[in-house]
>>> print(open('data06.pdb').read())   # PDB, C-alpha atoms, pLDDT in the B column
ATOM      1  CA  MET A 797      88.984   8.163 -18.218  1.00 94.00           C
ATOM      2  CA  ASN A 798      87.724   6.541 -21.421  1.00 97.00           C
ATOM      3  CA  LEU A 799      83.951   6.192 -21.196  1.00 97.00           C
ATOM      4  CA  ILE A 800      81.164   4.684 -23.284  1.00 97.00           C
ATOM      5  CA  PHE A 801      77.528   5.690 -22.873  1.00 96.00           C
ATOM      6  CA  LEU A 802      75.155   2.918 -24.005  1.00 95.00           C
ATOM      7  CA  GLY A 803      71.378   2.933 -24.260  1.00 93.00           C
ATOM      8  CA  PRO A 804      68.471   3.051 -26.714  1.00 92.00           C
ATOM      9  CA  PRO A 805      67.749   6.145 -28.813  1.00 88.00           C
ATOM     10  CA  GLY A 806      66.048   8.813 -26.725  1.00 89.00           C
ATOM     11  CA  ALA A 807      67.519   7.638 -23.399  1.00 92.00           C
ATOM     12  CA  GLY A 808      69.313  10.943 -22.848  1.00 89.00           C
ATOM     13  CA  LYS A 809      72.860   9.696 -23.415  1.00 90.00           C
ATOM     14  CA  GLY A 810      73.817  12.740 -25.467  1.00 86.00           C
ATOM     15  CA  THR A 811      72.486  15.249 -22.953  1.00 87.00           C
ATOM     16  CA  ALA A 812      74.242  13.530 -20.066  1.00 92.00           C
ATOM     17  CA  ALA A 813      77.462  13.134 -22.055  1.00 92.00           C
ATOM     18  CA  SER A 814      77.637  16.846 -22.895  1.00 90.00           C
ATOM     19  CA  LYS A 815      77.262  17.859 -19.257  1.00 92.00           C
ATOM     20  CA  VAL A 816      79.629  15.208 -17.900  1.00 94.00           C
ATOM     21  CA  ALA A 817      82.218  16.180 -20.517  1.00 94.00           C
ATOM     22  CA  ALA A 818      82.164  19.761 -19.232  1.00 93.00           C
ATOM     23  CA  VAL A 819      82.529  18.660 -15.599  1.00 91.00           C
ATOM     24  CA  PHE A 820      85.447  16.284 -16.220  1.00 92.00           C
ATOM     25  CA  GLU A 821      86.989  18.344 -19.053  1.00 95.00           C
ATOM     26  CA  ILE A 822      87.053  15.549 -21.623  1.00 96.00           C
ATOM     27  CA  PRO A 823      85.476  15.611 -25.103  1.00 96.00           C
ATOM     28  CA  HIS A 824      82.013  14.251 -25.819  1.00 95.00           C
ATOM     29  CA  ILE A 825      82.365  12.349 -29.075  1.00 94.00           C
ATOM     30  CA  SER A 826      79.066  11.544 -30.759  1.00 89.00           C
ATOM     31  CA  THR A 827      79.104   9.438 -33.883  1.00 85.00           C
ATOM     32  CA  GLY A 828      75.826  11.135 -34.742  1.00 80.00           C
ATOM     33  CA  ASP A 829      77.619  14.494 -34.822  1.00 84.00           C
ATOM     34  CA  LEU A 830      80.455  13.020 -36.878  1.00 83.00           C
ATOM     35  CA  PHE A 831      77.958  11.590 -39.351  1.00 83.00           C
ATOM     36  CA  ARG A 832      75.934  14.809 -39.548  1.00 84.00           C
ATOM     37  CA  ALA A 833      79.097  16.748 -40.322  1.00 79.00           C
ATOM     38  CA  ALA A 834      79.869  14.343 -43.171  1.00 80.00           C
ATOM     39  CA  ILE A 835      76.292  14.703 -44.463  1.00 86.00           C
ATOM     40  CA  LYS A 836      76.421  18.509 -44.259  1.00 87.00           C
ATOM     41  CA  ASN A 837      79.704  18.582 -46.160  1.00 85.00           C
ATOM     42  CA  GLU A 838      78.173  16.242 -48.766  1.00 86.00           C
ATOM     43  CA  THR A 839      81.206  13.989 -48.813  1.00 79.00           C
ATOM     44  CA  GLU A 840      80.947  10.586 -50.452  1.00 81.00           C
ATOM     45  CA  LEU A 841      80.722   9.028 -46.996  1.00 77.00           C
ATOM     46  CA  GLY A 842      78.169  11.627 -45.967  1.00 82.00           C
ATOM     47  CA  LEU A 843      75.842  10.700 -48.825  1.00 87.00           C
ATOM     48  CA  GLN A 844      76.117   7.015 -47.865  1.00 84.00           C
ATOM     49  CA  VAL A 845      75.439   7.826 -44.218  1.00 84.00           C
ATOM     50  CA  LYS A 846      72.410   9.967 -45.124  1.00 87.00           C
ATOM     51  CA  ALA A 847      70.772   7.189 -47.135  1.00 87.00           C
ATOM     52  CA  ILE A 848      71.339   4.670 -44.349  1.00 86.00           C
ATOM     53  CA  THR A 849      70.261   6.784 -41.354  1.00 79.00           C
ATOM     54  CA  GLU A 850      67.087   8.081 -43.010  1.00 83.00           C
ATOM     55  CA  LYS A 851      65.868   4.471 -43.055  1.00 82.00           C
ATOM     56  CA  GLY A 852      66.762   4.117 -39.382  1.00 80.00           C
ATOM     57  CA  ASP A 853      69.520   1.600 -40.094  1.00 81.00           C
ATOM     58  CA  LEU A 854      73.095   1.600 -38.791  1.00 74.00           C
ATOM     59  CA  VAL A 855      76.185   2.714 -40.675  1.00 81.00           C
ATOM     60  CA  PRO A 856      78.445  -0.293 -41.515  1.00 87.00           C
ATOM     61  CA  ASP A 857      81.043  -1.157 -38.890  1.00 89.00           C
ATOM     62  CA  GLU A 858      84.140  -0.582 -41.001  1.00 87.00           C
ATOM     63  CA  LEU A 859      83.103   2.976 -41.924  1.00 84.00           C
ATOM     64  CA  THR A 860      82.163   3.875 -38.380  1.00 88.00           C
ATOM     65  CA  VAL A 861      85.346   2.436 -36.857  1.00 90.00           C
ATOM     66  CA  GLU A 862      87.576   4.447 -39.192  1.00 83.00           C
ATOM     67  CA  ILE A 863      85.745   7.701 -38.424  1.00 83.00           C
ATOM     68  CA  VAL A 864      85.992   7.142 -34.652  1.00 89.00           C
ATOM     69  CA  LYS A 865      89.600   5.936 -34.730  1.00 87.00           C
ATOM     70  CA  GLU A 866      90.655   9.093 -36.544  1.00 81.00           C
ATOM     71  CA  ARG A 867      88.762  11.264 -34.043  1.00 86.00           C
ATOM     72  CA  LEU A 868      90.435   9.599 -31.047  1.00 91.00           C
ATOM     73  CA  LEU A 869      93.844  10.593 -32.391  1.00 88.00           C
ATOM     74  CA  ALA A 870      93.068  14.270 -31.705  1.00 87.00           C
ATOM     75  CA  ASP A 871      94.970  16.021 -28.903  1.00 95.00           C
ATOM     76  CA  ASP A 872      91.861  16.722 -26.831  1.00 95.00           C
ATOM     77  CA  THR A 873      91.400  13.014 -26.039  1.00 95.00           C
ATOM     78  CA  LYS A 874      94.697  12.625 -24.145  1.00 94.00           C
ATOM     79  CA  ASN A 875      92.912  12.751 -20.752  1.00 94.00           C
ATOM     80  CA  GLY A 876      89.985  10.626 -21.877  1.00 96.00           C
ATOM     81  CA  TYR A 877      86.689  10.909 -23.730  1.00 97.00           C
ATOM     82  CA  ILE A 878      83.030   9.983 -23.740  1.00 97.00           C
ATOM     83  CA  LEU A 879      81.833   7.919 -26.697  1.00 96.00           C
ATOM     84  CA  ASP A 880      78.125   8.358 -27.433  1.00 92.00           C
ATOM     85  CA  GLY A 881      76.740   6.113 -30.174  1.00 86.00           C
ATOM     86  CA  PHE A 882      79.859   3.962 -30.480  1.00 92.00           C
ATOM     87  CA  PRO A 883      80.385   1.077 -30.318  1.00 94.00           C
ATOM     88  CA  ARG A 884      77.019  -0.164 -31.545  1.00 85.00           C
ATOM     89  CA  THR A 885      77.988  -3.748 -32.341  1.00 88.00           C
ATOM     90  CA  ILE A 886      80.289  -6.451 -30.983  1.00 92.00           C
ATOM     91  CA  PRO A 887      82.730  -6.091 -33.926  1.00 93.00           C
ATOM     92  CA  GLN A 888      82.937  -2.339 -33.221  1.00 94.00           C
ATOM     93  CA  ALA A 889      83.607  -3.058 -29.541  1.00 96.00           C
ATOM     94  CA  ASP A 890      86.340  -5.540 -30.478  1.00 96.00           C
ATOM     95  CA  ALA A 891      87.889  -2.971 -32.817  1.00 96.00           C
ATOM     96  CA  LEU A 892      87.787  -0.233 -30.155  1.00 97.00           C
ATOM     97  CA  GLY A 893      89.465  -2.524 -27.637  1.00 95.00           C
ATOM     98  CA  GLY A 894      92.286  -2.962 -30.101  1.00 95.00           C
ATOM     99  CA  PHE A 895      93.257   0.711 -30.184  1.00 95.00           C
ATOM    100  CA  SER A 896      91.759   2.355 -27.063  1.00 95.00           C
ATOM    101  CA  PRO A 897      91.084   0.643 -23.674  1.00 94.00           C
ATOM    102  CA  VAL A 898      87.756   1.434 -21.995  1.00 96.00           C
ATOM    103  CA  THR A 899      87.585   2.595 -18.364  1.00 96.00           C
ATOM    104  CA  ARG A 900      83.802   2.319 -17.797  1.00 97.00           C
ATOM    105  CA  VAL A 901      80.557   1.730 -19.714  1.00 97.00           C
ATOM    106  CA  LEU A 902      77.328   3.358 -18.506  1.00 97.00           C
ATOM    107  CA  ASN A 903      74.125   1.722 -19.715  1.00 96.00           C
ATOM    108  CA  PHE A 904      71.164   4.138 -19.768  1.00 96.00           C
ATOM    109  CA  GLN A 905      67.987   2.082 -19.302  1.00 95.00           C
ATOM    110  CA  LEU A 906      64.622   3.212 -20.740  1.00 95.00           C
ATOM    111  CA  ASP A 907      61.610   1.184 -21.917  1.00 94.00           C
ATOM    112  CA  ASP A 908      60.433   1.266 -25.544  1.00 94.00           C
ATOM    113  CA  GLU A 909      57.166   3.115 -24.842  1.00 93.00           C
ATOM    114  CA  GLU A 910      59.018   6.011 -23.232  1.00 93.00           C
ATOM    115  CA  VAL A 911      61.503   6.098 -26.103  1.00 95.00           C
ATOM    116  CA  VAL A 912      58.714   6.431 -28.678  1.00 95.00           C
ATOM    117  CA  GLU A 913      57.043   9.223 -26.708  1.00 92.00           C
ATOM    118  CA  ARG A 914      60.282  11.144 -26.262  1.00 92.00           C
ATOM    119  CA  LEU A 915      61.483  10.916 -29.852  1.00 93.00           C
ATOM    120  CA  SER A 916      58.211  11.245 -31.774  1.00 94.00           C
ATOM    121  CA  GLY A 917      57.499  14.495 -29.908  1.00 94.00           C
ATOM    122  CA  ARG A 918      60.697  16.201 -31.021  1.00 93.00           C
ATOM    123  CA  ARG A 919      60.496  19.157 -33.412  1.00 95.00           C
ATOM    124  CA  VAL A 920      63.306  21.116 -35.077  1.00 95.00           C
ATOM    125  CA  CYS A 921      63.342  24.569 -36.661  1.00 95.00           C
ATOM    126  CA  ARG A 922      64.091  24.446 -40.383  1.00 96.00           C
ATOM    127  CA  SER A 923      65.777  27.845 -40.246  1.00 96.00           C
ATOM    128  CA  CYS A 924      67.969  27.943 -37.127  1.00 95.00           C
ATOM    129  CA  GLY A 925      67.961  24.335 -35.901  1.00 92.00           C
ATOM    130  CA  THR A 926      66.531  25.065 -32.441  1.00 94.00           C
ATOM    131  CA  GLY A 927      64.982  21.949 -30.896  1.00 92.00           C
ATOM    132  CA  TYR A 928      61.623  21.568 -29.139  1.00 94.00           C
ATOM    133  CA  HIS A 929      59.353  18.842 -27.771  1.00 93.00           C
ATOM    134  CA  VAL A 930      55.568  18.882 -27.942  1.00 92.00           C
ATOM    135  CA  ARG A 931      55.309  17.670 -24.331  1.00 89.00           C
ATOM    136  CA  PHE A 932      58.502  18.617 -22.514  1.00 86.00           C
ATOM    137  CA  MET A 933      59.545  21.840 -24.255  1.00 91.00           C
ATOM    138  CA  PRO A 934      56.793  23.123 -26.569  1.00 95.00           C
ATOM    139  CA  PRO A 935      57.153  26.367 -28.572  1.00 96.00           C
ATOM    140  CA  LYS A 936      54.998  29.341 -27.566  1.00 96.00           C
ATOM    141  CA  LYS A 937      53.086  28.975 -30.829  1.00 96.00           C
ATOM    142  CA  GLU A 938      52.500  25.517 -32.277  1.00 94.00           C
ATOM    143  CA  GLY A 939      54.684  24.824 -35.294  1.00 95.00           C
ATOM    144  CA  VAL A 940      56.613  28.097 -35.020  1.00 97.00           C
ATOM    145  CA  CYS A 941      60.140  28.622 -33.657  1.00 97.00           C
ATOM    146  CA  ASP A 942      60.371  30.968 -30.646  1.00 97.00           C
ATOM    147  CA  VAL A 943      63.833  32.121 -31.730  1.00 96.00           C
ATOM    148  CA  CYS A 944      63.449  33.019 -35.399  1.00 96.00           C
ATOM    149  CA  GLY A 945      59.835  32.323 -36.362  1.00 96.00           C
ATOM    150  CA  GLY A 946      60.857  29.478 -38.647  1.00 96.00           C
ATOM    151  CA  GLU A 947      58.792  26.389 -39.390  1.00 97.00           C
ATOM    152  CA  LEU A 948      59.113  23.432 -37.015  1.00 97.00           C
ATOM    153  CA  TYR A 949      59.244  19.955 -38.484  1.00 96.00           C
ATOM    154  CA  THR A 950      59.709  16.292 -37.504  1.00 94.00           C
ATOM    155  CA  ARG A 951      62.972  14.752 -38.676  1.00 90.00           C
ATOM    156  CA  LYS A 952      62.566  11.611 -40.769  1.00 89.00           C
ATOM    157  CA  ASP A 953      64.276   9.508 -38.106  1.00 87.00           C
ATOM    158  CA  ASP A 954      61.836  10.824 -35.457  1.00 92.00           C
ATOM    159  CA  THR A 955      58.705   9.410 -37.087  1.00 92.00           C
ATOM    160  CA  VAL A 956      57.071   6.569 -35.129  1.00 93.00           C
ATOM    161  CA  GLU A 957      57.820   4.084 -37.916  1.00 93.00           C
ATOM    162  CA  SER A 958      61.500   5.022 -37.997  1.00 93.00           C
ATOM    163  CA  ILE A 959      61.760   4.992 -34.182  1.00 93.00           C
ATOM    164  CA  LYS A 960      60.349   1.472 -33.974  1.00 93.00           C
ATOM    165  CA  ASN A 961      62.775   0.345 -36.652  1.00 93.00           C
ATOM    166  CA  ARG A 962      65.656   1.942 -34.734  1.00 90.00           C
ATOM    167  CA  LEU A 963      64.565   0.127 -31.559  1.00 93.00           C
ATOM    168  CA  ASN A 964      64.461  -3.179 -33.423  1.00 93.00           C
ATOM    169  CA  VAL A 965      67.932  -2.560 -34.822  1.00 88.00           C
ATOM    170  CA  TYR A 966      69.170  -1.596 -31.349  1.00 89.00           C
ATOM    171  CA  ALA A 967      67.748  -4.769 -29.780  1.00 90.00           C
ATOM    172  CA  LYS A 968      69.347  -6.987 -32.396  1.00 89.00           C
ATOM    173  CA  GLN A 969      72.742  -5.355 -32.849  1.00 85.00           C
ATOM    174  CA  THR A 970      73.531  -3.071 -29.913  1.00 86.00           C
ATOM    175  CA  ALA A 971      71.845  -4.577 -26.852  1.00 88.00           C
ATOM    176  CA  PRO A 972      74.292  -7.550 -26.880  1.00 92.00           C
ATOM    177  CA  LEU A 973      76.988  -5.044 -25.894  1.00 95.00           C
ATOM    178  CA  ILE A 974      75.393  -4.924 -22.450  1.00 95.00           C
ATOM    179  CA  ASP A 975      76.391  -8.553 -21.829  1.00 95.00           C
ATOM    180  CA  TYR A 976      79.716  -8.008 -23.615  1.00 97.00           C
ATOM    181  CA  TYR A 977      80.823  -5.284 -21.211  1.00 97.00           C
ATOM    182  CA  ALA A 978      79.138  -6.827 -18.156  1.00 97.00           C
ATOM    183  CA  GLU A 979      81.194  -9.992 -18.687  1.00 96.00           C
ATOM    184  CA  ARG A 980      84.311  -7.801 -18.647  1.00 96.00           C
ATOM    185  CA  ASP A 981      83.160  -6.129 -15.390  1.00 97.00           C
ATOM    186  CA  LEU A 982      83.024  -2.716 -17.090  1.00 97.00           C
ATOM    187  CA  LEU A 983      79.258  -2.054 -17.043  1.00 97.00           C
ATOM    188  CA  THR A 984      77.152   0.120 -14.714  1.00 97.00           C
ATOM    189  CA  ASN A 985      73.400   0.575 -15.261  1.00 96.00           C
ATOM    190  CA  VAL A 986      71.763   4.012 -15.049  1.00 96.00           C
ATOM    191  CA  ASP A 987      68.001   4.606 -14.716  1.00 96.00           C
ATOM    192  CA  ALA A 988      67.274   7.070 -17.549  1.00 95.00           C
ATOM    193  CA  LYS A 989      63.601   7.679 -16.751  1.00 93.00           C
ATOM    194  CA  PRO A 990      63.951  10.488 -14.128  1.00 92.00           C
ATOM    195  CA  ALA A 991      64.523  14.140 -15.030  1.00 86.00           C
ATOM    196  CA  ALA A 992      67.793  14.925 -16.782  1.00 86.00           C
ATOM    197  CA  GLU A 993      69.210  16.688 -13.710  1.00 90.00           C
ATOM    198  CA  GLU A 994      68.620  13.625 -11.521  1.00 93.00           C
ATOM    199  CA  VAL A 995      70.169  11.303 -14.098  1.00 93.00           C
ATOM    200  CA  LEU A 996      73.193  13.595 -14.330  1.00 92.00           C
ATOM    201  CA  GLU A 997      73.748  13.478 -10.569  1.00 94.00           C
ATOM    202  CA  SER A 998      73.634   9.679 -10.666  1.00 94.00           C
ATOM    203  CA  VAL A 999      76.200   9.589 -13.460  1.00 95.00           C
ATOM    204  CA  LYS A1000      78.540  12.037 -11.696  1.00 92.00           C
ATOM    205  CA  GLY A1001      78.352   9.923  -8.534  1.00 92.00           C
ATOM    206  CA  ILE A1002      79.293   6.794 -10.465  1.00 93.00           C
ATOM    207  CA  LEU A1003      82.241   8.433 -12.191  1.00 92.00           C
ATOM    208  CA  LYS A1004      83.626  10.109  -9.079  1.00 89.00           C
ATOM    209  CA  SER A1005      83.820   6.707  -7.424  1.00 87.00           C
ATOM    210  CA  LEU A1006      86.043   5.271 -10.166  1.00 82.00           C
TER     211      LEU A1006
END
>>> encode(input="data06.pdb", output="structure tokens")
Amino acid sequence: MNLIFLGPPGAGKGTAASKVAAVFEIPHISTGDLFRAAIKNETELGLQVKAITEKGDLVPDELTVEIVKERLLADDTKNGYILDGFPRTIPQADALGGFSPVTRVLNFQLDDEEVVERLSGRRVCRSCGTGYHVRFMPPKKEGVCDVCGGELYTRKDDTVESIKNRLNVYAKQTAPLIDYYAERDLLTNVDAKPAAEEVLESVKGILKSL
């Protein structure tokens, strides 16, 4: 079962993908995680990715395709996978189709206003990396991590300006994938506004019917 989770930033694709991956025993492959690993290791690619993502732009297709293609060669993908954050463009989708057929594409739908509220409220601990949200999961003490007492901060790509830029980029480059996969009868829409548990149940129902 080769799956793609589509949707704007903040729609909950990653959360749903992690839980679905555990249920169906297939890997959740996030290009964001792959990029962050490259950035952390300070590889040449990682430095390029860091400069691009901090502006809220997308990593070039050819770099992204090579990273994902290599990942899909791993043994843990033999029974399928969930791609989260790839493909983002039509050329990426064409490339993926050339080396790995897609079973189903789930499109997580969420309006722009909700996206801005969700992402701009996120906070991360500088010391241990624990995540919070000012509305949905606030720390016991404002600005202080419950786990280690470290300082909480807003990531550069979670500022309102960066979020709006990411939404513009998504609308221009990624949203066309909705029509691309719908035309191939591979797309199913998912309402991403309810609580995460409710969204997860909807996704599991869709996948069990495949």
>>> atom_distance(input="data06.pdb", atom1="atom CA of Ala812 of chain A", atom2="atom CA of Glu994 of chain A")
10.2 Å
>>> closest_residue(input="data06.pdb", among="A:Gly927, A:Gly876, A:Pro805, A:Gly842", to="Phe820 of chain A", atoms="all atoms listed in the file")
A:Gly876
>>> axis_aligned_box(input="data06.pdb", around="segment 971-975 of chain A", padding_each_side="4 Å", output="lines of an AutoDock Vina configuration file")
center_x = 74.4
center_y = -6.6
center_z = -24.4
size_x = 13.1
size_y = 12.0
size_z = 13.1
>>> atom_distance(input="data06.pdb", atom1="atom CA of Arg900 of chain A", atom2="atom CA of Leu1003 of chain A")
8.4 Å
>>> atom_distance(input="data06.pdb", atom1="atom CA of Pro883 of chain A", atom2="atom CA of Ala992 of chain A")
23.1 Å
>>> residues_around(input="data06.pdb", residues="Asn961 of chain A", least_positions_apart="6", cutoff="10 Å", atoms="only C-alpha atoms", output="ChimeraX atom specification")
/A:851-853,953,955,967
>>> residues_around(input="data06.pdb", residues="Arg832 of chain A", least_positions_apart="5", cutoff="12 Å", atoms="only C-alpha atoms", output="VMD selection string")
chain A and resid 826 to 827 837 to 839 841 to 847 849 to 850
>>> decode(input="data06.pdb", residues="segment 906-928 of chain A", atoms="N, CA and C atoms", output="PDB file, in the first residue's frame")
ATOM      1  N   LEU A 906      -7.969  21.984   4.708  1.00  0.00           N
ATOM      2  CA  LEU A 906      -8.022  22.939   5.817  1.00  0.00           C
ATOM      3  C   LEU A 906      -7.875  24.340   5.251  1.00  0.00           C
ATOM      4  N   ASP A 907      -8.736  25.290   5.720  1.00  0.00           N
ATOM      5  CA  ASP A 907      -8.678  26.642   5.162  1.00  0.00           C
ATOM      6  C   ASP A 907      -7.467  27.415   5.695  1.00  0.00           C
ATOM      7  N   ASP A 908      -7.100  28.470   4.966  1.00  0.00           N
ATOM      8  CA  ASP A 908      -5.875  29.225   5.274  1.00  0.00           C
ATOM      9  C   ASP A 908      -5.875  29.829   6.670  1.00  0.00           C
ATOM     10  N   GLU A 909      -7.042  30.344   7.112  1.00  0.00           N
ATOM     11  CA  GLU A 909      -7.107  30.987   8.431  1.00  0.00           C
ATOM     12  C   GLU A 909      -6.762  30.000   9.549  1.00  0.00           C
ATOM     13  N   GLU A 910      -7.266  28.784   9.422  1.00  0.00           N
ATOM     14  CA  GLU A 910      -6.987  27.755  10.420  1.00  0.00           C
ATOM     15  C   GLU A 910      -5.512  27.350  10.383  1.00  0.00           C
ATOM     16  N   VAL A 911      -4.951  27.307   9.186  1.00  0.00           N
ATOM     17  CA  VAL A 911      -3.534  26.968   9.048  1.00  0.00           C
ATOM     18  C   VAL A 911      -2.671  27.985   9.781  1.00  0.00           C
ATOM     19  N   VAL A 912      -2.946  29.265   9.571  1.00  0.00           N
ATOM     20  CA  VAL A 912      -2.162  30.325  10.220  1.00  0.00           C
ATOM     21  C   VAL A 912      -2.263  30.223  11.739  1.00  0.00           C
ATOM     22  N   GLU A 913      -3.476  29.978  12.246  1.00  0.00           N
ATOM     23  CA  GLU A 913      -3.655  29.878  13.690  1.00  0.00           C
ATOM     24  C   GLU A 913      -2.895  28.680  14.255  1.00  0.00           C
ATOM     25  N   ARG A 914      -2.986  27.564  13.565  1.00  0.00           N
ATOM     26  CA  ARG A 914      -2.304  26.354  14.057  1.00  0.00           C
ATOM     27  C   ARG A 914      -0.789  26.519  14.078  1.00  0.00           C
ATOM     28  N   LEU A 915      -0.230  27.018  12.980  1.00  0.00           N
ATOM     29  CA  LEU A 915       1.228  27.059  12.868  1.00  0.00           C
ATOM     30  C   LEU A 915       1.870  28.200  13.646  1.00  0.00           C
ATOM     31  N   SER A 916       1.240  29.372  13.644  1.00  0.00           N
ATOM     32  CA  SER A 916       1.849  30.520  14.330  1.00  0.00           C
ATOM     33  C   SER A 916       1.837  30.339  15.849  1.00  0.00           C
ATOM     34  N   GLY A 917       0.997  29.417  16.335  1.00  0.00           N
ATOM     35  CA  GLY A 917       0.930  29.174  17.779  1.00  0.00           C
ATOM     36  C   GLY A 917       1.897  28.120  18.271  1.00  0.00           C
ATOM     37  N   ARG A 918       2.648  27.510  17.366  1.00  0.00           N
ATOM     38  CA  ARG A 918       3.577  26.460  17.770  1.00  0.00           C
ATOM     39  C   ARG A 918       4.820  27.045  18.453  1.00  0.00           C
ATOM     40  N   ARG A 919       5.289  26.331  19.486  1.00  0.00           N
ATOM     41  CA  ARG A 919       6.511  26.712  20.183  1.00  0.00           C
ATOM     42  C   ARG A 919       7.357  25.454  20.380  1.00  0.00           C
ATOM     43  N   VAL A 920       8.667  25.613  20.355  1.00  0.00           N
ATOM     44  CA  VAL A 920       9.584  24.483  20.496  1.00  0.00           C
ATOM     45  C   VAL A 920      10.638  24.812  21.536  1.00  0.00           C
ATOM     46  N   CYS A 921      11.002  23.810  22.339  1.00  0.00           N
ATOM     47  CA  CYS A 921      12.041  24.008  23.356  1.00  0.00           C
ATOM     48  C   CYS A 921      13.415  24.012  22.697  1.00  0.00           C
ATOM     49  N   ARG A 922      14.210  25.023  23.001  1.00  0.00           N
ATOM     50  CA  ARG A 922      15.558  25.110  22.439  1.00  0.00           C
ATOM     51  C   ARG A 922      16.461  23.992  22.943  1.00  0.00           C
ATOM     52  N   SER A 923      16.185  23.499  24.144  1.00  0.00           N
ATOM     53  CA  SER A 923      17.072  22.513  24.758  1.00  0.00           C
ATOM     54  C   SER A 923      16.745  21.068  24.371  1.00  0.00           C
ATOM     55  N   CYS A 924      15.474  20.677  24.526  1.00  0.00           N
ATOM     56  CA  CYS A 924      15.135  19.260  24.299  1.00  0.00           C
ATOM     57  C   CYS A 924      14.252  19.013  23.082  1.00  0.00           C
ATOM     58  N   GLY A 925      13.745  20.084  22.457  1.00  0.00           N
ATOM     59  CA  GLY A 925      12.957  19.926  21.243  1.00  0.00           C
ATOM     60  C   GLY A 925      11.488  19.611  21.442  1.00  0.00           C
ATOM     61  N   THR A 926      11.029  19.573  22.697  1.00  0.00           N
ATOM     62  CA  THR A 926       9.610  19.300  22.963  1.00  0.00           C
ATOM     63  C   THR A 926       8.739  20.397  22.350  1.00  0.00           C
ATOM     64  N   GLY A 927       7.624  19.981  21.713  1.00  0.00           N
ATOM     65  CA  GLY A 927       6.747  20.929  21.055  1.00  0.00           C
ATOM     66  C   GLY A 927       5.525  21.302  21.884  1.00  0.00           C
ATOM     67  N   TYR A 928       5.059  22.536  21.707  1.00  0.00           N
ATOM     68  CA  TYR A 928       3.874  23.041  22.399  1.00  0.00           C
ATOM     69  C   TYR A 928       3.043  23.872  21.427  1.00  0.00           C
TER      70      TYR A 928
END
